Structures are given as structure tokens and as C-alpha cells.
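Shown here: model.tsv, TSV, C-alpha atoms.
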chain	number	residue	atom	x	y	z
A	1	MET	CA	-16.40	-11.68	19.01
A	2	LYS	CA	-14.81	-13.58	16.14
A	3	ARG	CA	-11.03	-13.62	15.88
A	4	PHE	CA	-9.09	-12.29	12.87
A	5	ILE	CA	-5.37	-12.65	12.17
A	6	THR	CA	-3.16	-11.15	9.47
A	7	ILE	CA	-0.20	-13.41	8.66
A	8	PHE	CA	2.63	-11.52	6.98
A	9	PRO	CA	5.94	-13.21	7.87
A	10	GLN	CA	8.26	-10.65	6.26
A	11	GLY	CA	6.57	-7.73	7.96
A	12	GLU	CA	8.72	-4.83	9.15
A	13	ASN	CA	7.75	-1.99	11.43
A	14	VAL	CA	7.00	0.25	8.44
A	15	HIS	CA	4.37	-2.21	7.18
A	16	LEU	CA	2.26	-1.64	10.28
A	17	ILE	CA	1.21	1.83	9.13
A	18	LYS	CA	0.25	0.41	5.74
A	19	ASP	CA	-2.50	-2.08	4.88
A	20	VAL	CA	-0.71	-4.90	6.73
A	21	GLY	CA	-1.39	-3.21	10.05
A	22	MET	CA	-4.29	-0.94	9.19
A	23	VAL	CA	-6.72	-3.68	8.11
A	24	PRO	CA	-6.62	-5.64	11.39
A	25	PHE	CA	-6.43	-2.44	13.45
A	26	PHE	CA	-9.52	-0.87	11.93
A	27	LEU	CA	-11.41	-4.16	11.92
A	28	GLN	CA	-10.93	-4.28	15.68
A	29	LYS	CA	-11.51	-0.54	16.12
A	30	GLY	CA	-14.82	-0.90	14.29
A	31	GLY	CA	-15.89	-3.73	16.58
A	32	TYR	CA	-15.98	-6.35	13.82
A	33	TYR	CA	-13.25	-8.73	15.00
A	34	GLN	CA	-10.69	-9.25	17.73
A	35	ALA	CA	-7.52	-8.71	15.70
A	36	THR	CA	-3.99	-10.13	15.73
A	37	LEU	CA	-0.94	-9.56	13.54
A	38	ALA	CA	1.76	-12.21	13.00
A	39	CYS	CA	5.28	-11.66	11.59
A	40	TYR	CA	8.81	-13.01	12.03
A	41	LYS	CA	10.00	-9.92	13.93
A	42	LYS	CA	10.15	-9.75	17.70
A	43	GLU	CA	7.38	-7.65	19.19
A	44	GLU	CA	9.82	-5.13	20.66
A	45	GLU	CA	11.14	-4.42	17.15
A	46	MET	CA	7.67	-3.30	16.02
A	47	SER	CA	7.32	0.09	17.70
A	48	HIS	CA	4.23	1.04	15.65
A	49	LEU	CA	2.30	-1.65	17.55
A	50	ARG	CA	2.35	0.68	20.54
A	51	GLN	CA	2.31	3.98	18.67
A	52	GLU	CA	-0.22	3.34	15.88
A	53	LEU	CA	-1.99	0.01	16.48
A	54	CYS	CA	-2.88	0.19	20.15
A	55	GLY	CA	-5.12	-2.68	21.16
A	56	ILE	CA	-4.39	-5.37	18.61
A	57	SER	CA	-2.45	-8.48	19.60
A	58	TYR	CA	0.85	-9.65	18.14
A	59	LYS	CA	2.10	-13.20	17.56
A	60	ARG	CA	5.60	-14.00	16.43
A	61	ILE	CA	6.14	-16.55	13.66
A	62	PHE	CA	9.27	-18.61	14.22
A	63	LYS	CA	11.62	-19.61	11.39
A	64	PHE	CA	11.81	-23.33	11.94
A	65	PHE	CA	12.31	-23.86	8.20
A	66	LYS	CA	13.97	-21.93	5.40
A	67	ASN	CA	10.74	-22.25	3.44
A	68	GLU	CA	8.25	-19.54	4.40
A	69	ASN	CA	5.24	-21.63	3.43
A	70	LEU	CA	6.28	-24.38	5.85
A	71	ASN	CA	6.61	-21.83	8.64
A	72	ILE	CA	3.15	-20.50	7.84
A	73	PHE	CA	1.70	-24.01	7.77
A	74	LEU	CA	3.21	-24.88	11.16
A	75	PHE	CA	2.07	-21.58	12.67
A	76	ILE	CA	-1.54	-22.13	11.61
A	77	LEU	CA	-1.48	-25.77	12.69
A	78	TRP	CA	-0.28	-24.74	16.16
A	79	ASN	CA	-2.88	-21.94	16.43
A	80	ILE	CA	-5.74	-23.46	14.45
A	81	ARG	CA	-8.32	-23.18	17.24
A	82	LYS	CA	-7.48	-19.58	18.07
A	83	TYR	CA	-8.79	-17.82	14.95
A	84	ASP	CA	-11.87	-17.66	12.74
A	85	VAL	CA	-10.49	-15.63	9.80
A	86	ILE	CA	-6.95	-15.66	8.41
A	87	MET	CA	-5.66	-12.94	6.09
A	88	PHE	CA	-2.78	-13.43	3.66
A	89	PHE	CA	-1.06	-11.11	1.21
A	90	HIS	CA	0.07	-12.03	-2.32
A	91	GLN	CA	-1.83	-15.15	-3.33
A	92	SER	CA	0.20	-18.12	-4.53
A	93	LEU	CA	-0.57	-21.75	-5.27
A	94	PHE	CA	1.18	-22.96	-2.10
A	95	LYS	CA	-0.62	-20.49	0.17
A	96	THR	CA	-3.89	-21.44	-1.48
A	97	LEU	CA	-3.24	-25.14	-0.87
A	98	ILE	CA	-2.43	-24.37	2.76
A	99	ALA	CA	-5.70	-22.47	3.10
A	100	LEU	CA	-7.76	-25.21	1.45
A	101	PHE	CA	-6.16	-27.88	3.63
A	102	PHE	CA	-7.16	-26.05	6.79
A	103	LYS	CA	-10.63	-25.34	5.45
A	104	ILE	CA	-11.10	-29.06	4.89
A	105	ILE	CA	-9.90	-30.20	8.30
A	106	THR	CA	-12.00	-27.52	10.05
A	107	TRP	CA	-15.11	-28.46	8.04
A	108	ASN	CA	-14.99	-25.09	6.30
A	109	SER	CA	-15.37	-23.17	9.57
A	110	LEU	CA	-12.05	-21.34	9.08
A	111	LYS	CA	-12.22	-18.51	6.54
A	112	PHE	CA	-9.37	-17.11	4.45
A	113	TYR	CA	-8.92	-13.68	2.93
A	114	PHE	CA	-6.22	-13.05	0.29
A	115	LYS	CA	-5.27	-9.42	-0.42
A	116	LEU	CA	-3.46	-9.52	-3.76
A	117	ASP	CA	-1.58	-6.21	-3.39
A	118	ALA	CA	-1.17	-6.40	-7.18
A	119	ASN	CA	0.16	-3.88	-9.69
A	120	ASP	CA	-0.24	-3.63	-13.46
A	121	SER	CA	2.49	-6.23	-14.03
A	122	ILE	CA	0.03	-8.97	-13.08
A	123	GLN	CA	-1.33	-8.62	-16.60
A	124	GLU	CA	1.97	-10.03	-17.92
A	125	SER	CA	2.22	-12.83	-15.34
A	126	LYS	CA	2.17	-16.49	-16.38
A	127	LEU	CA	-1.23	-16.86	-14.78
A	128	ALA	CA	-2.64	-14.17	-17.07
A	129	THR	CA	-0.80	-14.98	-20.30
A	130	SER	CA	-0.56	-18.78	-20.46
A	131	ARG	CA	-3.88	-20.51	-20.89
A	132	SER	CA	-3.52	-24.17	-20.04
A	133	PHE	CA	-5.13	-26.86	-17.94
A	134	PHE	CA	-2.72	-26.06	-15.10
A	135	THR	CA	-3.51	-22.33	-15.05
A	136	ASP	CA	-7.23	-23.04	-15.26
A	137	PHE	CA	-6.86	-25.46	-12.37
A	138	LYS	CA	-5.03	-22.82	-10.33
A	139	VAL	CA	-7.84	-20.34	-10.96
A	140	TYR	CA	-10.33	-23.02	-9.90
A	141	LEU	CA	-8.43	-23.49	-6.63
A	142	TYR	CA	-8.12	-19.74	-6.08
A	143	ASN	CA	-11.88	-19.41	-6.43
A	144	ARG	CA	-12.34	-21.83	-3.51
A	145	ILE	CA	-10.97	-19.13	-1.20
A	146	ASP	CA	-13.57	-17.20	0.76
A	147	LEU	CA	-12.47	-13.71	-0.27
A	148	ILE	CA	-9.83	-12.40	-2.69
A	149	SER	CA	-9.46	-8.67	-3.26
A	150	VAL	CA	-7.44	-6.34	-5.45
A	151	GLU	CA	-6.86	-2.63	-4.93
A	152	THR	CA	-7.95	-1.10	-8.27
A	153	ARG	CA	-11.14	-1.41	-10.29
A	154	TYR	CA	-9.19	-1.88	-13.50
A	155	LEU	CA	-7.34	-4.96	-12.23
A	156	GLN	CA	-10.50	-6.32	-10.63
A	157	GLN	CA	-12.21	-6.20	-14.03
A	158	PHE	CA	-9.17	-7.67	-15.77
A	159	LEU	CA	-8.89	-10.64	-13.38
A	160	SER	CA	-12.61	-11.26	-13.47
A	161	LYS	CA	-13.08	-11.06	-17.25
A	162	GLN	CA	-9.77	-12.47	-18.48
A	163	LEU	CA	-9.20	-15.20	-15.90
A	164	GLY	CA	-12.60	-15.85	-14.42
A	165	MET	CA	-11.34	-15.15	-10.90
A	166	LYS	CA	-13.80	-14.19	-8.18
A	167	VAL	CA	-12.09	-11.00	-7.07
A	168	ALA	CA	-13.54	-8.13	-5.06
A	169	TYR	CA	-12.49	-4.51	-5.46
A	170	ILE	CA	-11.29	-3.31	-2.04
A	171	PRO	CA	-8.84	-0.39	-2.14
A	172	ASN	CA	-6.36	0.67	0.49
A	173	GLY	CA	-7.25	3.52	2.79
A	174	PHE	CA	-6.14	6.28	5.10
A	175	ASP	CA	-6.79	7.13	8.74
A	176	PHE	CA	-8.83	10.29	8.34
A	177	GLY	CA	-8.69	10.90	12.05
A	178	ARG	CA	-5.42	12.62	11.12
A	179	SER	CA	-7.00	14.95	8.59
A	180	PHE	CA	-10.36	15.60	10.20
A	181	ALA	CA	-11.27	17.22	13.48
A	182	ALA	CA	-13.41	15.36	15.99
A	183	ASP	CA	-16.54	17.05	14.64
A	184	GLY	CA	-15.78	15.83	11.14
A	185	GLN	CA	-14.70	19.21	9.78
A	186	ILE	CA	-11.69	19.28	7.50
A	187	LYS	CA	-8.63	20.99	8.91
A	188	SER	CA	-7.85	24.35	7.41
A	189	LEU	CA	-4.41	23.91	5.86
A	190	LYS	CA	-2.16	26.72	4.71
A	191	LYS	CA	0.17	25.33	2.06
A	192	ALA	CA	3.73	26.44	1.41
A	193	PRO	CA	5.34	26.41	-2.08
A	194	ILE	CA	6.96	23.03	-1.46
A	195	ILE	CA	7.16	19.98	-3.74
A	196	THR	CA	7.58	16.76	-1.77
A	197	LEU	CA	8.60	13.20	-2.65
A	198	VAL	CA	8.36	10.36	-0.12
A	199	GLY	CA	9.83	6.86	-0.15
A	200	ARG	CA	13.09	4.96	-0.41
A	201	ILE	CA	15.07	7.53	-2.33
A	202	GLY	CA	17.06	5.87	-5.08
A	203	ALA	CA	15.25	2.53	-5.08
A	204	PRO	CA	15.13	1.44	-8.76
A	205	GLU	CA	11.33	1.15	-8.85
A	206	LYS	CA	10.95	4.69	-7.46
A	207	ASP	CA	12.88	6.17	-10.42
A	208	ASN	CA	13.95	9.31	-8.54
A	209	ILE	CA	16.54	10.01	-11.23
A	210	THR	CA	13.67	11.18	-13.44
A	211	MET	CA	12.85	13.87	-10.86
A	212	LEU	CA	16.46	15.04	-10.73
A	213	LYS	CA	16.59	15.26	-14.53
A	214	ALA	CA	13.28	17.13	-14.60
A	215	LEU	CA	14.49	19.66	-12.02
A	216	THR	CA	17.39	20.69	-14.26
A	217	GLN	CA	14.73	21.88	-16.73
A	218	VAL	CA	12.63	23.79	-14.20
A	219	GLN	CA	12.91	27.31	-12.83
A	220	LEU	CA	11.81	26.82	-9.22
A	221	LYS	CA	11.59	30.55	-8.42
A	222	GLY	CA	10.15	30.71	-4.89
A	223	TRP	CA	9.51	26.94	-4.63
A	224	THR	CA	11.60	24.30	-2.86
A	225	VAL	CA	11.79	20.50	-3.26
A	226	GLU	CA	12.06	18.00	-0.41
A	227	PHE	CA	12.95	14.31	-0.73
A	228	LEU	CA	11.75	12.50	2.40
A	229	GLY	CA	13.06	9.00	3.07
A	230	PRO	CA	16.25	6.99	3.46
A	231	VAL	CA	18.71	7.47	0.60
A	232	ASP	CA	20.08	4.40	-1.16
A	233	LEU	CA	23.89	4.43	-0.99
A	234	ASN	CA	24.20	3.80	-4.73
A	235	PHE	CA	21.93	6.77	-5.46
A	236	GLN	CA	24.11	9.14	-3.45
A	237	LYS	CA	26.41	9.37	-6.50
A	238	GLU	CA	23.51	10.70	-8.56
A	239	ILE	CA	22.73	13.27	-5.89
A	240	ASN	CA	26.37	14.39	-5.72
A	241	SER	CA	26.46	14.72	-9.50
A	242	PHE	CA	23.19	16.67	-9.47
A	243	TYR	CA	24.59	19.22	-7.03
A	244	ALA	CA	27.99	19.34	-8.72
A	245	PHE	CA	26.52	20.54	-12.00
A	246	ASN	CA	23.71	22.67	-10.55
A	247	ASN	CA	24.96	23.71	-7.11
A	248	SER	CA	24.49	27.45	-7.56
A	249	VAL	CA	20.89	26.91	-8.61
A	250	PHE	CA	19.71	24.17	-6.27
A	251	LYS	CA	21.82	24.26	-3.10
A	252	ASP	CA	19.14	26.29	-1.31
A	253	LYS	CA	16.20	24.82	-3.22
A	254	VAL	CA	16.46	21.01	-3.20
A	255	PHE	CA	16.83	19.08	0.05
A	256	PHE	CA	17.26	15.44	0.98
A	257	ARG	CA	15.86	15.18	4.52
A	258	GLY	CA	16.56	11.49	5.10
A	259	ALA	CA	14.30	9.03	6.88
A	260	ILE	CA	11.52	10.46	9.02
A	261	ASP	CA	10.62	7.83	11.59
A	262	ASP	CA	8.22	10.10	13.46
A	263	ARG	CA	4.84	9.52	11.84
A	264	GLU	CA	3.43	12.84	13.01
A	265	ALA	CA	6.42	14.72	11.60
A	266	LEU	CA	5.90	13.08	8.22
A	267	MET	CA	2.20	14.01	8.14
A	268	LYS	CA	3.01	17.60	9.12
A	269	SER	CA	5.47	17.78	6.22
A	270	LEU	CA	2.76	16.62	3.83
A	271	GLU	CA	0.22	19.02	5.31
A	272	ASN	CA	2.69	21.85	4.71
A	273	SER	CA	3.47	20.86	1.11
A	274	ALA	CA	1.44	22.04	-1.85
A	275	VAL	CA	2.50	19.36	-4.35
A	276	PHE	CA	3.36	15.70	-4.06
A	277	VAL	CA	5.37	13.99	-6.82
A	278	GLN	CA	5.56	10.23	-7.41
A	279	THR	CA	7.87	8.98	-10.15
A	280	SER	CA	7.42	5.23	-9.57
A	281	LYS	CA	7.74	2.78	-12.43
A	282	PHE	CA	4.99	0.66	-10.85
A	283	GLU	CA	2.83	0.68	-7.73
A	284	SER	CA	0.34	-1.83	-6.34
A	285	PHE	CA	-1.72	1.02	-4.95
A	286	GLY	CA	0.43	3.93	-3.90
A	287	ILE	CA	-0.30	4.44	-0.21
A	288	ALA	CA	2.14	7.37	-0.05
A	289	LEU	CA	0.18	9.04	-2.84
A	290	LEU	CA	-3.08	8.54	-0.95
A	291	GLU	CA	-1.52	9.89	2.25
A	292	ALA	CA	-0.40	12.98	0.36
A	293	MET	CA	-3.80	13.64	-1.19
A	294	SER	CA	-5.42	13.02	2.19
A	295	SER	CA	-3.15	15.78	3.51
A	296	GLY	CA	-4.31	18.20	0.84
A	297	CYS	CA	-1.38	17.83	-1.57
A	298	TYR	CA	-1.89	18.18	-5.31
A	299	VAL	CA	-0.71	14.96	-6.97
A	300	VAL	CA	1.74	14.75	-9.87
A	301	ALA	CA	2.44	11.10	-10.67
A	302	THR	CA	3.41	8.57	-13.28
A	303	ASP	CA	0.47	7.45	-15.38
A	304	LEU	CA	-0.29	4.20	-13.56
A	305	THR	CA	-3.66	2.61	-12.82
A	306	PRO	CA	-3.62	3.32	-9.05
A	307	SER	CA	-2.47	6.93	-9.61
A	308	ARG	CA	-5.34	7.55	-12.02
A	309	GLU	CA	-7.88	5.94	-9.71
A	310	ILE	CA	-6.78	7.86	-6.63
A	311	ALA	CA	-6.19	11.34	-8.04
A	312	GLY	CA	-8.28	11.32	-11.22
A	313	HIS	CA	-9.13	14.82	-12.44
A	314	LEU	CA	-7.53	16.28	-9.31
A	315	GLY	CA	-3.99	15.45	-10.42
A	316	GLN	CA	-1.52	15.55	-13.30
A	317	PHE	CA	0.13	12.52	-14.91
A	318	PHE	CA	3.20	11.84	-17.03
A	319	ALA	CA	4.67	8.74	-18.67
A	320	VAL	CA	7.14	6.61	-16.72
A	321	GLY	CA	10.64	8.05	-17.16
A	322	ASP	CA	9.42	11.16	-19.00
A	323	GLU	CA	11.45	13.92	-17.36
A	324	VAL	CA	10.37	16.45	-19.99
A	325	GLY	CA	6.69	15.79	-19.31
A	326	LEU	CA	7.28	16.04	-15.56
A	327	ALA	CA	9.27	19.26	-15.95
A	328	THR	CA	6.49	20.79	-18.06
A	329	ILE	CA	3.86	19.99	-15.41
A	330	LEU	CA	5.98	21.33	-12.56
A	331	GLN	CA	6.78	24.54	-14.43
A	332	SER	CA	3.09	25.05	-15.21
A	333	ILE	CA	2.28	24.71	-11.51
A	334	ILE	CA	5.05	27.11	-10.48
A	335	ASP	CA	3.98	29.63	-13.14
A	336	GLU	CA	0.35	29.21	-11.98
A	337	LYS	CA	-0.80	28.05	-15.39
A	338	ILE	CA	-2.24	25.07	-13.53
A	339	VAL	CA	-4.49	26.33	-10.75
A	340	LEU	CA	-4.30	24.03	-7.75
A	341	PRO	CA	-7.58	23.00	-6.10
A	342	SER	CA	-7.99	23.87	-2.44
A	343	PRO	CA	-6.59	21.36	0.08
A	344	SER	CA	-10.11	20.80	1.45
A	345	VAL	CA	-11.34	19.63	-1.96
A	346	LEU	CA	-8.48	17.13	-2.22
A	347	ILE	CA	-9.01	15.83	1.31
A	348	GLN	CA	-12.76	15.50	0.87
A	349	SER	CA	-12.35	13.56	-2.39
A	350	ALA	CA	-9.95	11.10	-0.75
A	351	ASN	CA	-12.12	10.75	2.35
A	352	GLU	CA	-15.22	9.85	0.37
A	353	ARG	CA	-13.48	6.89	-1.28
A	354	TYR	CA	-10.57	5.80	0.88
A	355	ASN	CA	-11.52	5.99	4.54
A	356	TRP	CA	-10.22	2.89	6.35
A	357	SER	CA	-13.31	2.80	8.55
A	358	THR	CA	-15.54	2.41	5.49
A	359	ILE	CA	-13.19	-0.02	3.74
A	360	VAL	CA	-12.93	-2.50	6.64
A	361	LYS	CA	-16.72	-2.51	6.95
A	362	GLU	CA	-16.81	-3.77	3.35
A	363	ILE	CA	-14.21	-6.44	4.18
A	364	TYR	CA	-16.25	-7.60	7.17
A	365	GLN	CA	-19.50	-7.75	5.20
A	366	GLN	CA	-17.90	-9.68	2.36
A	367	LEU	CA	-16.33	-12.18	4.76
A	368	GLU	CA	-19.55	-12.69	6.70
A	369	ASN	CA	-21.64	-13.17	3.57
A	370	CYS	CA	-19.20	-15.20	1.47
A	371	ASN	CA	-19.50	-18.86	0.66
A	372	ALA	CA	-16.54	-20.08	-1.35
A	373	TYR	CA	-18.30	-23.33	-2.25
A	374	ALA	CA	-21.52	-21.77	-3.47
What's the C-alpha cells form of this structure?
Amino acid sequence: MKRFITIFPQGENVHLIKDVGMVPFFLQKGGYYQATLACYKKEEEMSHLRQELCGISYKRIFKFFKNENLNIFLFILWNIRKYDVIMFFHQSLFKTLIALFFKIITWNSLKFYFKLDANDSIQESKLATSRSFFTDFKVYLYNRIDLISVETRYLQQFLSKQLGMKVAYIPNGFDFGRSFAADGQIKSLKKAPIITLVGRIGAPEKDNITMLKALTQVQLKGWTVEFLGPVDLNFQKEINSFYAFNNSVFKDKVFFRGAIDDREALMKSLENSAVFVQTSKFESFGIALLEAMSSGCYVVATDLTPSREIAGHLGQFFAVGDEVGLATILQSIIDEKIVLPSPSVLIQSANERYNWSTIVKEIYQQLENCNAYA
């Protein structure tokens, strides 16, 4: 069996339950490759390796240099005979040059896969906006890579048409073993009147302040709101202010649960919630949003490309920072002016398009059939 490695130096334990860990795990689970993951962290610091990614190997990358690219180069040089396919995240000129160097010295026997993990801001990047010999040359070099993928169809079309990049559309996925029984039947979920948000509460890009402002304009009635995730210390002031001015209304309605490290506990919370809200200013794909929909939650999210592609007609969208628009949607849901689809419909829609087992099969086929120099 061929050997596949994902190299993601800055990887933390949390990344293992996202695409960083899921791609190699499901490639091995599907019998396509023998998989390995490589990061700076010590193996014992990555508990999800044992809990979620049983079976794949782990290699530690050592920080011999301050420059990450040099550490990557040395790691590959030391392990060059051990792998057949190398996966990177976030393509750059230096990583591309590293890949092309090793392709040359291995007579093109070593393949490279770049997962862009891009969001809408790539449309304003220098690569996209400055047409020059240098940018054209970078695109030429990028196209020498065996496989490059992006997570949304819109950005795939943009990169292909505007820049001439050879980019495949390969979305992120979800482990539907959590939402489906062994016989393939969707779990019957009984939803509670709960609105849930998940992530690093208070991180600037998550824009949770918009949710707090929206809540002051909503009559929750029998509904409650749960913020799941570690709370940024700077954001605690906003939370204190929120309760100070609205304590009598929200003290028994809005809860900040903190970080939930137990993966099963998080999924049970989502399975119990009727609505999932995402207020992000930008997202490369929105794995939390996909996890929520895969757990039968109705999606209310900022109007971003990945949100539209994942939820489509089965969700509601509002402009970034528009607390009035968000409040209007939430009130319509609470007042039952918006009729929520059944959880099974939401789960089935997500399963048909975002099952990791199907997605990694596409990755394998593209890698096996690609020829970067054709």
C-alpha cells in the first residue's frame, strides 16, 4: 500500500478532528493509503490521535530552525524514502518550491497535494489582483503540483477562470458514522428549543458581539441560547455588560458553557439543539456549520460562500455584522413564521454531499490519475 503523509507543523489537538486529521484518517480507513500525520507537537499532547484517529501513524517535526519552511524541508529530506504522497495546507511559493525540488530529485515519483483551505479573501490577495510576470510565474509553478484543491465551487471557478490555476473542488466533510446507525438509517432526533453557537467565543473573526446585540432585540419566550467554546478574556467584558443591562431577561436564557473537550458531549449538544448560529466575518469552509447541519440543526449564518454552499435553501442568511437581520430571523423562528425542516432532511442533505468517505475517494482518484506535467 502506498504511503501518505499530512504535514501541518502548527497542528494542535483540535485540528485532528478537522480536515487536518480527517483526510489522512479516512484515506487509511478506506484502504487507499497507509497514513501518517506530522506536526511540531509531541504525540502525547495529541489525545485525539488515540480517541478519534485510531490506526494512523504520527511523526513529530522538530524545530531546528525558526523558519517553518526550513523545518519542513529538513523533515522531508530526512524521510524522503518513506512516503509516496505528501499533503500540505495553504499553498505558498516557498512550499511549492520545496515540493518541486523533491519532485525533481525523485524523478517525479513523489506526489504533492495542496489543500488551500481558502476563504473569500483570496479574491483580494496579491496573487488575484496584481497581474504581472511574477504572479503569472507563480501560477505556472503552482500548476506543476500534482493536485491543488479548494473547498467551495465558487472559489474553484474564480481561481480557474481568473488566474488559470488547475484547482479541483474538494469540500470538507463529516464523519457520518456519528449521525447514522450501522444499517445506514438516520437517527431519530428530538430537538429542544435551543439555539447554539460553537467556537472560540470572542475571537474577532467570530463576531459574537453581533449575536449579543441581536439577542437584545429578540423575545426568546421558551427558547434558550448556548455558547459552546472557550471564552476570550477580552470578550468577558462584553458578556458582563450584556448581563448587566439585561440580567432579568437573560440570566436563565443565555448560557456560556465554556470549552467542551469531550467530542461526544459536543455532538450530543448539537443533536439536542434545533438551531445553529454562525456569525463569522469569514470562513474557509465552516466545519462547525457542517457538523451542526449533520446533527440536524437548522443553520442561521452570515452570508458567506461556504455557508451558502453547505446550507443552501435549508438555512437562513444575514449580512456580516447585521444584528437587526439576525434578530429578525431568530424571532421568525421562535414565532414559528419560519417552519424548520425535519432533522432527518438536514442530515440527509449533508450526507449526500459531505461524507468524508466519499470525499477521500475523490482525493485518491485525483492523485492516482493526475500528471502535473501533462
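Between Glu283 in chain A and the candidates A:Ala192, A:Val249, A:Ile122, A:Ala265, the tightest atom-to-atom separation, counting all atoms listed in the file, involves A:Ile122.
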If you count all atoms listed in the file, which residues fall within 6 Å of range 28-33 of chain A, apart from same-chain ones fewer than 2 positions away, as JSON, numbers by chain?
-> {"A": [1, 2, 3, 4, 25, 26, 35]}
Counting all atoms listed in the file, the option among A:Ser132, A:Phe89, A:Ala288, A:Gln123 closest to Gln156 in chain A |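 Smallest distance to Gln156 in chain A is found for A:Gln123.
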Per-residue nearest contacts range 128-214 of chain A to range 351-374 of chain A, cut-off 10 Å, using only C-alpha atoms, as a Markdown table:
| residue | atom | partner | partner_atom | distance |
| --- | --- | --- | --- | --- |
| A:Tyr142 | CA | A:Ala372 | CA | 9.7 |
| A:Asn143 | CA | A:Ala372 | CA | 6.9 |
| A:Arg144 | CA | A:Ala372 | CA | 5.0 |
| A:Ile145 | CA | A:Ala372 | CA | 5.7 |
| A:Asp146 | CA | A:Ala372 | CA | 4.6 |
| A:Leu147 | CA | A:Leu367 | CA | 6.5 |
| A:Ile148 | CA | A:Leu367 | CA | 9.9 |
| A:Ser149 | CA | A:Ile363 | CA | 9.1 |
| A:Lys166 | CA | A:Ala372 | CA | 9.4 |
| A:Ala168 | CA | A:Gln366 | CA | 8.7 |
| A:Tyr169 | CA | A:Glu362 | CA | 9.8 |
| A:Ile170 | CA | A:Ile359 | CA | 6.9 |
| A:Pro171 | CA | A:Tyr354 | CA | 7.1 |
| A:Asn172 | CA | A:Tyr354 | CA | 6.6 |
| A:Gly173 | CA | A:Tyr354 | CA | 4.5 |
| A:Phe174 | CA | A:Asn355 | CA | 5.4 |
| A:Asp175 | CA | A:Trp356 | CA | 6.0 |
| A:Phe176 | CA | A:Asn355 | CA | 6.3 |
| A:Gly177 | CA | A:Asn355 | CA | 9.4 |
| A:Ser179 | CA | A:Asn351 | CA | 9.1 |
| A:Phe180 | CA | A:Asn351 | CA | 9.4 |
| A:Ile186 | CA | A:Asn351 | CA | 10.0 |
With all atoms listed in the file as the basis for distance, which of A:Lys191, A:Arg60, A:Lys115, A:Arg131 is at the shortest distance from Val167 in chain A?
->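 Smallest distance to Val167 in chain A is found for A:Lys115.
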Within 12 Å of Ser248 in chain A, counting only C-alpha atoms, which residues show up once you throw out same-chain ones fewer than 6 positions away? Write them as a list of chain:residue names, please.
->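 With the cut-off at 12 Å, the set is A:Thr216, A:Phe242, A:Val254.
For the set A:Lys66, A:His48, A:Ile5, A:Gly202, the residue with the smallest atom-to-atom gap to Tyr113 in chain A is A:Ile5, counting only C-alpha atoms.
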One decimal place gives the CA of Ala118 in chain A-CA of Phe8 in chain A separation as 15.5 Å
Nearest to Leu289 in chain A, restricted to all atoms listed in the file and choosing among A:Val150, A:Phe65, A:Val198, A:Arg263, comes out as A:Val198
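Using only C-alpha atoms, the shortest contact distance between Glu323 in chain A and any of A:Val339, A:Ile201, A:Met211, A:Leu77 is found at A:Met211.
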Using CA of Phe101 in chain A and CA of Ser130 in chain A as the two end points, give the distance in Å to one decimal.
->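 According to the coordinates, CA of Phe101 in chain A and CA of Ser130 in chain A are separated by 26.4 Å.
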Calculate how many Å separate CA of Ser295 in chain A from CA of Glu45 in chain A, rounding to one decimal.
-> 28.3 Å
Extract, using all atoms listed in the file, all DNA, RNA and protein residues at most 12 Å from Gly312 in chain A, discarding same-chain residues fewer than 3 positions from it, and format them as a VMD selection string.
-> chain A and resid 290 293 298 to 301 303 to 309 315 to 317 346 349 to 350
Leu37 in chain A: which residues within 8 Å, counting all atoms listed in the file, same-chain residues fewer than 4 positions away excluded, as a list in words?
-> Ile5, Thr6, Ile7, Phe8, Gly21, Pro24, Ile56, Ser57, Tyr58 and Lys59 of chain A
Exercise: Arg257 in chain A partners within 10 Å, all atoms listed in the file, chain neighbours under 3 positions left out, as a PDB file with C-alpha atoms, in the coordinates of the input:
ATOM      1  CA  GLU A 226      12.060  18.000  -0.410  1.00  0.00           C
ATOM      2  CA  PHE A 227      12.950  14.310  -0.730  1.00  0.00           C
ATOM      3  CA  LEU A 228      11.750  12.500   2.400  1.00  0.00           C
ATOM      4  CA  GLY A 229      13.060   9.000   3.070  1.00  0.00           C
ATOM      5  CA  PRO A 230      16.250   6.990   3.460  1.00  0.00           C
ATOM      6  CA  VAL A 231      18.710   7.470   0.600  1.00  0.00           C
ATOM      7  CA  VAL A 254      16.460  21.010  -3.200  1.00  0.00           C
ATOM      8  CA  ILE A 260      11.520  10.460   9.020  1.00  0.00           C
TER       9      ILE A 260
END
